[in-house]
file protein33.txt (compact mmCIF, C-alpha atoms and all ligand atoms)
# COMPACT_ATOMS: atom_id res chain seq x y z
CA MET A 485 76.63 82.40 74.80
CA GLY A 486 76.99 85.79 73.19
CA TYR A 487 78.70 87.59 76.04
CA ARG A 488 81.79 89.70 75.65
CA LEU A 489 84.56 88.79 78.02
CA HIS A 490 87.12 91.13 79.57
CA THR A 491 89.96 89.72 81.62
CA PHE A 492 92.25 91.36 84.15
CA SER A 493 95.57 89.80 85.11
CA PRO A 494 99.14 90.91 85.81
CA GLU A 495 100.27 88.46 83.14
CA GLU A 496 100.20 89.24 79.45
CA ASP A 497 98.85 86.62 77.03
CA SER A 498 97.32 84.65 79.90
CA PRO A 499 95.19 81.56 79.11
CA THR A 500 92.00 83.63 79.52
CA GLY A 501 93.57 86.63 77.79
CA GLN A 502 94.09 84.53 74.66
CA ILE A 503 90.35 84.01 74.24
CA ALA A 504 88.99 87.18 75.84
CA ASP A 505 87.56 90.07 73.83
CA ARG A 506 89.73 92.38 75.87
CA GLU A 507 92.81 91.62 77.97
CA VAL A 508 93.87 94.16 80.57
CA CYS A 509 97.30 93.67 82.12
CA ALA A 510 97.94 95.42 85.39
CA ASP A 511 98.81 94.65 88.97
CA TYR A 512 95.92 93.47 91.15
CA ASN A 513 96.97 96.08 93.69
CA ASP A 514 96.70 98.91 91.15
CA GLY A 515 93.43 100.37 92.44
CA GLU A 516 93.09 102.82 89.53
CA ALA A 517 93.47 100.08 86.93
CA VAL A 518 91.00 97.87 88.79
CA ARG A 519 88.48 100.74 89.01
CA ALA A 520 88.85 101.51 85.29
CA PHE A 521 88.34 97.82 84.47
CA THR A 522 85.20 97.51 86.59
CA LYS A 523 83.63 100.49 84.78
CA GLU A 524 83.69 98.50 81.54
CA VAL A 525 81.90 95.37 82.82
CA ASP A 526 78.45 94.41 84.11
CA ALA A 527 79.45 91.43 86.21
CA LEU A 528 82.73 90.23 87.59
CA THR A 529 84.01 86.84 88.67
CA PHE A 530 87.38 85.29 89.39
CA GLU A 531 89.14 82.22 88.15
CA PHE A 532 91.50 81.48 91.02
CA GLU A 533 91.59 82.29 94.71
CA ASN A 534 94.73 84.36 94.91
CA VAL A 535 93.24 87.48 93.35
CA PRO A 536 93.44 89.95 96.27
CA ALA A 537 90.02 90.34 97.89
CA LEU A 538 90.56 94.11 97.51
CA VAL A 539 89.79 93.76 93.79
CA ALA A 540 86.34 92.38 94.60
CA GLU A 541 85.87 95.08 97.23
CA ILE A 542 86.64 97.87 94.73
CA ALA A 543 84.26 96.35 92.17
CA GLU A 544 81.50 96.00 94.78
CA THR A 545 81.99 99.64 95.81
CA GLU A 546 81.72 100.65 92.15
CA GLY A 547 78.35 98.90 92.01
CA VAL A 548 79.44 96.01 89.77
CA LEU A 549 77.88 92.58 90.43
CA VAL A 550 80.62 90.45 91.96
CA ARG A 551 79.73 86.78 91.89
CA PRO A 552 80.63 84.95 94.10
CA ALA A 553 80.74 87.83 96.60
CA GLY A 554 84.11 89.20 97.67
CA SER A 555 83.50 87.95 101.23
CA ILE A 556 83.49 84.35 99.93
CA LEU A 557 86.76 84.89 98.07
CA HIS A 558 88.20 86.42 101.25
CA ALA A 559 87.19 83.38 103.34
CA ALA A 560 88.58 80.89 100.82
CA GLN A 561 91.97 82.62 100.77
CA ASN A 562 92.81 81.66 104.30
CA ARG A 563 92.51 78.24 105.91
CA LEU A 564 91.58 79.67 109.30
CA ARG A 565 88.76 81.81 107.92
CA GLU A 566 87.67 78.89 105.77
CA LYS A 567 87.54 76.49 108.69
CA ALA A 568 85.68 79.01 110.83
CA LEU A 569 83.15 79.28 108.01
CA PHE A 570 82.77 75.49 107.81
CA GLY A 571 82.16 75.44 111.56
CA LYS A 572 79.43 78.11 111.30
CA ALA A 573 77.83 76.33 108.34
CA GLY A 574 77.81 73.07 110.32
CA LEU A 575 80.18 71.11 108.05
CA PRO A 576 82.31 68.27 109.45
CA VAL A 577 86.05 69.05 109.42
CA THR A 578 89.31 67.39 110.45
CA PRO A 579 90.25 68.21 114.06
CA TYR A 580 92.50 71.30 113.94
CA ARG A 581 93.96 74.15 115.97
CA ALA A 582 94.87 77.67 114.92
CA VAL A 583 98.48 78.52 115.77
CA THR A 584 100.18 81.90 115.63
CA ASN A 585 103.39 81.16 117.54
CA LEU A 586 105.64 78.30 118.58
CA VAL A 587 104.12 78.02 122.07
CA GLU A 588 100.65 77.63 120.57
CA LEU A 589 102.02 75.08 118.12
CA ARG A 590 103.49 73.00 120.96
CA THR A 591 100.17 73.09 122.83
CA ALA A 592 98.31 72.19 119.64
CA THR A 593 100.52 69.15 118.99
CA VAL A 594 99.69 67.88 122.49
CA GLU A 595 95.96 68.30 121.80
CA ILE A 596 95.95 67.00 118.21
CA GLY A 597 98.72 64.42 118.61
CA PHE A 598 101.10 63.00 115.98
CA PRO A 599 101.21 62.54 113.06
CA ALA A 600 99.79 65.92 112.14
CA ILE A 601 100.00 68.38 109.26
CA LEU A 602 101.05 71.98 109.73
CA LYS A 603 99.68 74.26 107.01
CA THR A 604 100.16 77.97 106.47
CA ALA A 605 96.83 79.74 106.83
CA ALA A 606 97.40 81.88 103.73
CA PHE A 607 98.16 80.99 100.12
CA GLY A 608 98.49 77.23 100.34
CA TYR A 609 97.60 74.98 97.44
CA ASP A 610 98.74 71.72 95.85
CA GLY A 611 100.57 70.76 99.03
CA LYS A 612 102.61 73.99 99.08
CA GLY A 613 103.08 75.54 102.52
CA GLN A 614 102.49 72.36 104.46
CA ILE A 615 104.68 70.00 106.46
CA ARG A 616 103.87 66.64 107.99
CA LEU A 617 104.91 66.37 111.63
CA GLU A 618 105.76 62.98 113.02
CA SER A 619 107.18 63.94 116.40
CA GLU A 620 107.81 66.72 118.89
CA GLU A 621 111.43 67.10 117.68
CA GLN A 622 110.30 68.29 114.24
CA THR A 623 107.99 70.97 115.58
CA GLU A 624 110.37 73.92 115.83
CA ASP A 625 112.06 73.28 112.47
CA ALA A 626 108.67 73.00 110.75
CA TRP A 627 107.52 76.25 112.32
CA GLN A 628 110.68 78.03 111.11
CA ALA A 629 110.48 76.42 107.65
CA LEU A 630 106.98 77.83 107.14
CA GLY A 631 108.27 81.27 108.10
CA GLY A 632 106.66 81.62 111.52
CA GLN A 633 103.36 82.77 110.05
CA ALA A 634 99.80 81.98 111.14
CA CYS A 635 99.09 78.30 110.54
CA VAL A 636 96.62 75.53 111.20
CA LEU A 637 97.65 72.24 112.73
CA GLU A 638 95.47 69.41 111.47
CA ALA A 639 95.25 65.81 112.53
CA LEU A 640 96.49 63.49 109.79
CA VAL A 641 93.47 61.80 108.29
CA ASN A 642 93.83 58.20 107.20
CA PHE A 643 91.36 58.66 104.42
CA GLU A 644 90.37 55.91 102.05
CA ARG A 645 89.97 58.23 99.07
CA GLU A 646 89.67 61.89 98.19
CA VAL A 647 86.43 62.96 96.57
CA SER A 648 85.02 66.30 95.50
CA LEU A 649 81.84 67.86 94.28
CA VAL A 650 81.26 70.89 92.09
CA ALA A 651 78.01 72.71 92.75
CA ALA A 652 76.40 75.93 91.63
CA ARG A 653 73.84 78.28 93.06
CA GLY A 654 72.01 80.77 90.90
CA ALA A 655 71.06 84.34 91.73
CA ASP A 656 67.49 83.11 92.33
CA GLY A 657 68.69 80.58 94.95
CA ASP A 658 68.45 77.63 92.59
CA PHE A 659 70.98 74.88 93.42
CA ALA A 660 72.56 72.22 91.20
CA ALA A 661 75.33 69.73 91.96
CA TYR A 662 77.40 67.56 89.66
CA PRO A 663 77.96 63.93 90.63
CA LEU A 664 80.57 63.30 93.31
CA VAL A 665 83.95 62.46 91.74
CA GLU A 666 87.09 60.70 92.92
CA ASN A 667 90.46 62.45 92.80
CA ARG A 668 93.89 60.86 92.80
CA HIS A 669 96.91 63.00 93.58
CA VAL A 670 100.59 62.56 92.83
CA ASN A 671 103.02 64.71 94.86
CA HIS A 672 99.98 66.57 96.28
CA ILE A 673 98.95 67.67 92.76
CA LEU A 674 95.71 66.40 91.23
CA ASP A 675 96.61 63.72 88.69
CA VAL A 676 93.35 62.02 87.76
CA THR A 677 89.64 62.56 88.37
CA VAL A 678 87.08 59.86 87.68
CA ALA A 679 83.40 60.69 87.39
CA PRO A 680 81.26 59.51 89.01
CA ALA A 681 83.01 58.29 92.18
CA GLU A 682 82.14 54.72 93.06
CA VAL A 683 80.58 55.27 96.46
CA GLU A 684 77.41 54.22 98.25
CA PRO A 685 74.47 56.34 97.08
CA ALA A 686 74.08 57.61 100.66
CA VAL A 687 77.62 59.02 100.58
CA ALA A 688 77.01 60.83 97.29
CA ALA A 689 73.73 62.17 98.67
CA GLU A 690 75.40 63.36 101.88
CA ALA A 691 78.15 65.15 99.92
CA GLU A 692 75.46 66.95 97.95
CA ASN A 693 73.59 67.84 101.15
CA LEU A 694 76.76 69.33 102.63
CA ALA A 695 77.41 71.33 99.45
CA ARG A 696 73.87 72.65 99.47
CA GLN A 697 74.12 73.51 103.16
CA LEU A 698 77.29 75.54 102.54
CA CYS A 699 76.09 77.23 99.34
CA GLU A 700 72.91 78.32 101.08
CA TYR A 701 74.71 79.46 104.21
CA ILE A 702 77.07 81.70 102.22
CA CYS A 703 74.36 82.71 99.70
CA LEU A 704 76.65 81.66 96.88
CA GLU A 705 76.08 83.06 93.42
CA GLY A 706 78.47 81.10 91.27
CA VAL A 707 80.26 77.79 91.11
CA LEU A 708 82.05 76.17 94.01
CA CYS A 709 84.02 72.98 94.60
CA LEU A 710 84.09 71.16 97.91
CA GLU A 711 86.93 68.74 98.52
CA PHE A 712 86.34 65.90 100.96
CA PHE A 713 88.25 63.14 102.67
CA LEU A 714 86.28 59.90 102.51
CA LEU A 715 87.03 57.78 105.57
CA PRO A 716 87.27 54.01 105.47
CA ARG A 717 84.10 52.36 106.73
CA ARG A 718 85.94 50.44 109.43
CA GLN A 719 86.88 53.73 111.12
CA VAL A 720 83.26 54.58 111.59
CA CYS A 721 81.39 53.24 114.59
CA CYS A 722 79.94 49.84 113.72
CA GLU A 723 76.90 50.57 115.91
CA THR A 724 75.72 53.12 113.36
CA VAL A 725 73.09 51.22 111.50
CA ASP A 726 71.37 53.13 108.72
CA SER A 727 73.34 54.13 105.63
CA GLU A 728 72.46 57.82 105.97
CA SER A 729 73.93 58.15 109.45
CA ARG A 730 76.95 56.15 108.37
CA ALA A 731 77.45 58.39 105.33
CA ARG A 732 77.35 61.41 107.62
CA GLU A 733 80.33 60.05 109.53
CA LEU A 734 82.33 59.12 106.45
CA LEU A 735 82.93 62.60 105.00
CA LEU A 736 85.19 65.39 106.20
CA VAL A 737 85.39 68.68 104.31
CA ASN A 738 89.01 69.60 103.51
CA GLU A 739 88.68 72.82 101.55
CA ILE A 740 86.64 74.82 99.07
CA ALA A 741 87.36 76.67 95.86
CA PRO A 742 84.68 79.22 94.93
CA ARG A 743 85.20 78.79 91.17
CA PRO A 744 85.30 76.11 88.47
CA HIS A 745 87.74 73.47 89.67
CA ASN A 746 90.26 71.12 88.11
CA SER A 747 88.18 68.17 89.38
CA GLY A 748 85.23 69.54 87.36
CA HIS A 749 87.00 69.78 83.97
CA TRP A 750 85.47 66.44 82.94
CA THR A 751 82.07 68.19 82.75
CA ILE A 752 83.04 69.76 79.39
CA GLU A 753 82.47 66.40 77.71
CA GLY A 754 80.90 64.32 80.46
CA ALA A 755 77.93 66.43 81.62
CA LEU A 756 75.03 68.15 79.90
CA THR A 757 76.24 71.58 81.08
CA SER A 758 79.95 72.18 81.68
CA GLN A 759 81.08 73.81 84.92
CA PHE A 760 82.23 76.78 82.84
CA GLU A 761 78.85 77.32 81.25
CA GLN A 762 77.35 76.88 84.72
CA GLN A 763 79.68 79.60 86.02
CA LEU A 764 78.55 81.96 83.26
CA ARG A 765 74.91 81.14 83.88
CA SER A 766 75.15 81.78 87.62
CA VAL A 767 77.29 84.91 87.25
CA CYS A 768 74.97 86.35 84.59
CA GLY A 769 71.82 85.55 86.54
CA LEU A 770 70.50 82.91 84.11
CA PRO A 771 68.80 79.68 85.21
CA LEU A 772 71.28 76.88 85.95
CA GLY A 773 71.83 74.09 83.43
CA SER A 774 71.43 70.36 83.95
CA THR A 775 74.33 68.71 85.76
CA GLU A 776 73.36 65.29 84.49
CA LEU A 777 76.17 62.93 83.55
CA ILE A 778 76.22 62.01 79.86
CA ARG A 779 78.81 59.25 80.17
CA PRO A 780 81.32 58.11 82.80
CA ALA A 781 84.53 60.09 82.39
CA ALA A 782 88.18 60.26 83.38
CA MET A 783 90.15 63.51 83.41
CA LEU A 784 93.95 63.31 83.40
CA ASN A 785 96.12 66.34 84.01
CA LEU A 786 99.03 67.12 81.71
CA LEU A 787 101.83 68.62 83.77
CA GLY A 788 104.89 70.43 82.47
CA ASP A 789 106.93 67.29 83.17
CA LEU A 790 105.43 65.81 80.01
CA TRP A 791 107.49 68.30 77.99
CA GLN A 792 110.85 67.23 79.45
CA ASN A 793 111.95 65.47 76.25
CA GLY A 794 110.39 68.00 73.91
CA GLU A 795 106.91 68.77 72.62
CA PRO A 796 104.54 65.88 73.44
CA ASN A 797 103.45 63.66 70.57
CA TRP A 798 100.04 65.25 69.92
CA GLN A 799 99.50 63.23 66.74
CA SER A 800 99.38 60.03 68.78
CA LEU A 801 96.13 61.19 70.38
CA LEU A 802 94.29 60.96 67.09
CA ALA A 803 94.28 57.18 67.50
CA PHE A 804 92.13 57.56 70.64
CA GLN A 805 88.61 58.34 69.44
CA ASP A 806 87.22 59.19 72.88
CA ALA A 807 90.13 61.31 74.10
CA ASN A 808 89.64 65.08 74.19
CA LEU A 809 92.66 67.32 74.53
CA HIS A 810 92.59 70.70 76.27
CA LEU A 811 95.71 72.88 76.28
CA TYR A 812 95.69 76.12 78.24
CA GLY A 813 98.20 78.03 76.10
CA LYS A 814 100.79 78.49 78.86
CA ARG A 815 104.12 79.30 77.24
CA GLU A 816 106.54 77.74 79.66
CA ALA A 817 106.26 74.08 80.63
CA ARG A 818 107.68 73.85 84.15
CA PRO A 819 107.66 70.60 86.16
CA GLY A 820 104.43 70.39 88.18
CA ARG A 821 102.75 73.17 86.18
CA LYS A 822 99.27 72.33 84.90
CA MET A 823 99.54 72.81 81.13
CA GLY A 824 96.35 71.07 80.03
CA HIS A 825 94.28 67.95 80.49
CA LEU A 826 92.72 65.01 78.68
CA THR A 827 89.17 63.83 79.15
CA VAL A 828 88.00 60.42 78.04
CA THR A 829 84.38 59.30 78.19
CA ALA A 830 83.40 55.62 78.04
CA ASP A 831 80.79 53.12 79.19
CA SER A 832 82.46 52.83 82.61
CA THR A 833 84.89 54.90 84.66
CA ALA A 834 87.35 51.97 84.58
CA ALA A 835 87.31 51.93 80.77
CA ALA A 836 87.62 55.73 80.60
CA LEU A 837 90.58 55.68 82.95
CA GLU A 838 92.31 52.85 81.10
CA THR A 839 92.03 54.66 77.77
CA GLY A 840 93.05 57.95 79.39
CA LEU A 841 96.20 56.48 80.90
CA ALA A 842 97.15 54.86 77.59
CA ALA A 843 96.50 58.13 75.72
CA ARG A 844 98.58 60.15 78.15
CA LYS A 845 101.41 57.63 77.93
CA ALA A 846 101.35 57.82 74.13
CA LEU A 847 102.01 61.56 74.39
CA GLN A 848 105.33 61.04 76.11
CA ARG A 849 108.52 61.42 74.07
CA ASN A 850 111.28 59.04 75.09
P1 LIG A 901 95.30 70.83 100.72
O1 LIG A 901 96.21 71.90 100.21
O2 LIG A 901 94.75 71.08 102.07
O3 LIG A 901 94.23 70.45 99.73
O4 LIG A 901 96.20 69.53 100.84
C1 LIG A 901 96.79 68.92 99.71
C2 LIG A 901 96.71 67.42 99.85
O5 LIG A 901 97.43 67.01 101.03
C3 LIG A 901 95.31 66.86 100.02
O6 LIG A 901 94.69 66.69 98.79
C4 LIG A 901 95.61 65.55 100.75
O7 LIG A 901 96.06 64.58 99.83
C5 LIG A 901 96.76 65.91 101.66
N1 LIG A 901 96.24 66.34 102.99
C6 LIG A 901 95.91 67.60 103.34
N2 LIG A 901 95.46 67.65 104.62
C7 LIG A 901 95.50 66.40 105.10
C8 LIG A 901 95.17 65.79 106.34
N3 LIG A 901 94.71 66.50 107.39
N4 LIG A 901 95.35 64.45 106.47
C9 LIG A 901 95.81 63.72 105.42
N5 LIG A 901 96.17 64.24 104.23
C10 LIG A 901 96.01 65.54 104.05

call {"tool": "encode", "arguments": {"input": "protein33.txt", "output": "structure tokens"}}
result
Amino acid sequence: MGYRLHTFSPEEDSPTGQIADREVCADYNDGEAVRAFTKEVDALTFEFENVPALVAEIAETEGVLVRPAGSILHAAQNRLREKALFGKAGLPVTPYRAVTNLVELRTATVEIGFPAILKTAAFGYDGKGQIRLESEEQTEDAWQALGGQACVLEALVNFEREVSLVAARGADGDFAAYPLVENRHVNHILDVTVAPAEVEPAVAAEAENLARQLCEYICLEGVLCLEFFLLPRRQVCCETVDSESRARELLLVNEIAPRPHNSGHWTIEGALTSQFEQQLRSVCGLPLGSTELIRPAAMLNLLGDLWQNGEPNWQSLLAFQDANLHLYGKREARPGRKMGHLTVTADSTAAALETGLAARKALQRN
């Protein structure tokens, strides 16, 4: 798109650093380094949530466009702030209680009941910092295990599936959403995304409405992903007649990520505009691109585990015409670490997934 990209990260040779025009390596808490960096750029965005909100604050003070705004990053970094925001924006969420000590936790378990999930308010992702509670006896140990820090206690949701939606809002207030997708996790880590999700049209429309409602409420300028739990239809009151009202009761918002998301990687091949181009467009104040689906797609993550018997068999992928490989250039392949992904497009999501699973299997060294 003709822009020059500068990246700031404590890590040297980071995935973005490898393709950036300029890579600056310094600590996020090094105010001087952050200030110097912001002087060199016109607009600033972030690629994951754990960049301290102070970085955005410094850039905003220096008069640099920060998109999405630092306040949105700040809210997304903490489950309690995030849930408070959902409440204000009128989004449906899982019943929860904020807990800051063991007494509050005990009260919360009485109100929420068992089973429940205790999650640290700060820095939780991919199932880290959360413990499932089955009974009163586990409460104290779980509280200690999470380090006695501020937490949320959530009711366990018997969801049917997990779905998510990537949306964007431009600087002019324009809004665009990609189709709703289905996500399958293994060990709490995203394993596979299929696009589009096979859901009733009313459910897809409601997910988009909720995304629009949130993006407008927070005046988003950028890309954002909303993750939902989709409830089984039998759990929803059978008296509810029309599909729109039913759809409204089927979705609960779990969390947001105010950035391109792993469940949106399929858009590189599967949509007219990728979520990354959309991010650039929204951050640079350009009109948004079309989010139209080109072909059904399946995205399969490649975790470090794939390297356990040596370098995966990349050559084998050449036999799969519709498989697209993306490697992030991370040096060390640790178990559970997201090293890359595959996207397959096909005439149906089932066909895309079948080819994707076969392609990923062919990569494995025995
Ligand atoms: P999170 O870090 O909140 O996205 O949680 C990671 C994963 O744990 C989710 O993708 C779900 O599979 C599961 N999970 C989180 N919260 C709940 C809940 N309240 N009920 C059931 N499963 C949950």

call {"tool": "atom_distance", "arguments": {"input": "protein33.txt", "atom1": "CA of Leu575 in chain A", "atom2": "CA of Glu690 in chain A"}}
result
11.0 Å

call {"tool": "atom_distance", "arguments": {"input": "protein33.txt", "atom1": "CA of Arg488 in chain A", "atom2": "CA of Cys703 in chain A"}}
result
26.1 Å

call {"tool": "atom_distance", "arguments": {"input": "protein33.txt", "atom1": "CA of Arg653 in chain A", "atom2": "CA of Leu698 in chain A"}}
result
10.5 Å

call {"tool": "residues_around", "arguments": {"input": "protein33.txt", "residues": "Glu638 in chain A", "least_positions_apart": "3", "cutoff": "12 Å", "atoms": "all atoms listed in the file", "output": "PyMOL selection string"}}
result
chain A and resi 563-564+567+577-583+589+592-605+614-617+635+641+738

call {"tool": "closest_residue", "arguments": {"input": "protein33.txt", "among": "A:Arg730, A:Arg645, A:Arg815, A:Arg849", "to": "ligand LIG 901 (chain A)", "atoms": "all atoms listed in the file"}}
result
A:Arg645

call {"tool": "closest_residue", "arguments": {"input": "protein33.txt", "among": "A:Ala689, A:Val650, A:Val707, A:Leu736", "to": "ligand LIG 901 (chain A)", "atoms": "all atoms listed in the file"}}
result
A:Leu736

call {"tool": "closest_residue", "arguments": {"input": "protein33.txt", "among": "A:Pro576, A:Gly820, A:Pro685, A:Pro663", "to": "Gln759 in chain A", "atoms": "all atoms listed in the file"}}
result
A:Pro663

call {"tool": "residues_around", "arguments": {"input": "protein33.txt", "residues": "Gly547 in chain A", "least_positions_apart": "6", "cutoff": "12 Å", "atoms": "all atoms listed in the file", "output": "JSON, numbers by chain"}}
result
{"A": [519, 522, 523, 524, 525, 526, 527, 528, 540, 541]}

call {"tool": "residues_around", "arguments": {"input": "protein33.txt", "residues": "Glu761 in chain A", "least_positions_apart": "6", "cutoff": "10 Å", "atoms": "only C-alpha atoms", "output": "mmCIF file with C-alpha atoms, in the frame of the given file"}}
result
data_model
loop_
_atom_site.group_PDB
_atom_site.id
_atom_site.type_symbol
_atom_site.label_atom_id
_atom_site.label_comp_id
_atom_site.auth_asym_id
_atom_site.auth_seq_id
_atom_site.Cartn_x
_atom_site.Cartn_y
_atom_site.Cartn_z
ATOM 1 C CA MET A 485 76.630 82.400 74.800
ATOM 2 C CA VAL A 707 80.260 77.790 91.110
ATOM 3 C CA PRO A 744 85.300 76.110 88.470
ATOM 4 C CA THR A 751 82.070 68.190 82.750
ATOM 5 C CA ILE A 752 83.040 69.760 79.390
ATOM 6 C CA VAL A 767 77.290 84.910 87.250
ATOM 7 C CA LEU A 772 71.280 76.880 85.950
ATOM 8 C CA GLY A 773 71.830 74.090 83.430
#

call {"tool": "closest_residue", "arguments": {"input": "protein33.txt", "among": "A:His558, A:His672, A:His490, A:Arg565", "to": "ligand LIG 901 (chain A)", "atoms": "all atoms listed in the file"}}
result
A:His672

call {"tool": "closest_residue", "arguments": {"input": "protein33.txt", "among": "A:Glu646, A:Glu624, A:Glu666, A:Asp505", "to": "ligand LIG 901 (chain A)", "atoms": "only C-alpha atoms and all ligand atoms"}}
result
A:Glu646

call {"tool": "axis_aligned_box", "arguments": {"input": "protein33.txt", "around": "ligand LIG 901 (chain A)", "padding_each_side": "8 Å", "output": "JSON"}}
result
{"center_x": 95.8, "center_y": 67.8, "center_z": 103.1, "size_x": 19.2, "size_y": 24.2, "size_z": 24.6}

call {"tool": "closest_residue", "arguments": {"input": "protein33.txt", "among": "A:Ser648, A:Thr584, A:Thr500, A:Ser758", "to": "ligand LIG 901 (chain A)", "atoms": "only C-alpha atoms and all ligand atoms"}}
result
A:Ser648

call {"tool": "residues_around", "arguments": {"input": "protein33.txt", "residues": "Glu728 in chain A", "least_positions_apart": "3", "cutoff": "8 Å", "atoms": "all atoms listed in the file", "output": "list in words"}}
result
Ala686, Val687, Glu690, Ala731 and Arg732 of chain A

call {"tool": "decode", "arguments": {"input": "protein33.txt", "residues": "range 580-593 of chain A", "atoms": "N, CA, C and O atoms", "output": "mmCIF file, in the first residue's frame"}}
result
data_model
loop_
_atom_site.group_PDB
_atom_site.id
_atom_site.type_symbol
_atom_site.label_atom_id
_atom_site.label_comp_id
_atom_site.auth_asym_id
_atom_site.auth_seq_id
_atom_site.Cartn_x
_atom_site.Cartn_y
_atom_site.Cartn_z
ATOM 1 N N TYR A 580 -21.477 -13.069 35.834
ATOM 2 C CA TYR A 580 -20.152 -13.046 36.476
ATOM 3 C C TYR A 580 -20.178 -12.158 37.715
ATOM 4 O O TYR A 580 -21.107 -11.370 37.900
ATOM 5 N N ARG A 581 -19.141 -12.307 38.524
ATOM 6 C CA ARG A 581 -18.934 -11.422 39.677
ATOM 7 C C ARG A 581 -17.460 -11.024 39.708
ATOM 8 O O ARG A 581 -16.596 -11.842 39.410
ATOM 9 N N ALA A 582 -17.208 -9.803 40.113
ATOM 10 C CA ALA A 582 -15.823 -9.360 40.331
ATOM 11 C C ALA A 582 -15.415 -9.809 41.722
ATOM 12 O O ALA A 582 -16.201 -9.675 42.663
ATOM 13 N N VAL A 583 -14.209 -10.371 41.849
ATOM 14 C CA VAL A 583 -13.756 -10.773 43.189
ATOM 15 C C VAL A 583 -12.337 -10.269 43.442
ATOM 16 O O VAL A 583 -11.465 -10.393 42.580
ATOM 17 N N THR A 584 -12.143 -9.689 44.639
ATOM 18 C CA THR A 584 -10.807 -9.177 44.951
ATOM 19 C C THR A 584 -10.222 -9.837 46.201
ATOM 20 O O THR A 584 -9.077 -9.589 46.561
ATOM 21 N N ASN A 585 -11.023 -10.684 46.870
ATOM 22 C CA ASN A 585 -10.483 -11.443 47.996
ATOM 23 C C ASN A 585 -11.284 -12.735 48.171
ATOM 24 O O ASN A 585 -12.303 -12.930 47.509
ATOM 25 N N LEU A 586 -10.786 -13.581 49.076
ATOM 26 C CA LEU A 586 -11.380 -14.912 49.229
ATOM 27 C C LEU A 586 -12.825 -14.844 49.714
ATOM 28 O O LEU A 586 -13.677 -15.653 49.302
ATOM 29 N N VAL A 587 -13.109 -13.873 50.571
ATOM 30 C CA VAL A 587 -14.487 -13.735 51.095
ATOM 31 C C VAL A 587 -15.436 -13.418 49.931
ATOM 32 O O VAL A 587 -16.503 -14.031 49.789
ATOM 33 N N GLU A 588 -15.002 -12.483 49.092
ATOM 34 C CA GLU A 588 -15.838 -12.139 47.926
ATOM 35 C C GLU A 588 -15.998 -13.332 46.998
ATOM 36 O O GLU A 588 -17.054 -13.540 46.412
ATOM 37 N N LEU A 589 -14.919 -14.119 46.883
ATOM 38 C CA LEU A 589 -14.995 -15.294 46.003
ATOM 39 C C LEU A 589 -16.026 -16.282 46.540
ATOM 40 O O LEU A 589 -16.833 -16.827 45.791
ATOM 41 N N ARG A 590 -16.015 -16.488 47.862
ATOM 42 C CA ARG A 590 -16.981 -17.438 48.452
ATOM 43 C C ARG A 590 -18.411 -16.948 48.219
ATOM 44 O O ARG A 590 -19.297 -17.726 47.856
ATOM 45 N N THR A 591 -18.635 -15.659 48.414
ATOM 46 C CA THR A 591 -19.972 -15.100 48.177
ATOM 47 C C THR A 591 -20.363 -15.275 46.707
ATOM 48 O O THR A 591 -21.492 -15.647 46.390
ATOM 49 N N ALA A 592 -19.383 -15.018 45.832
ATOM 50 C CA ALA A 592 -19.660 -15.105 44.392
ATOM 51 C C ALA A 592 -20.023 -16.531 43.980
ATOM 52 O O ALA A 592 -20.913 -16.734 43.154
ATOM 53 N N THR A 593 -19.361 -17.528 44.597
ATOM 54 C CA THR A 593 -19.669 -18.912 44.207
ATOM 55 C C THR A 593 -21.097 -19.272 44.637
ATOM 56 O O THR A 593 -21.769 -20.051 43.967
#
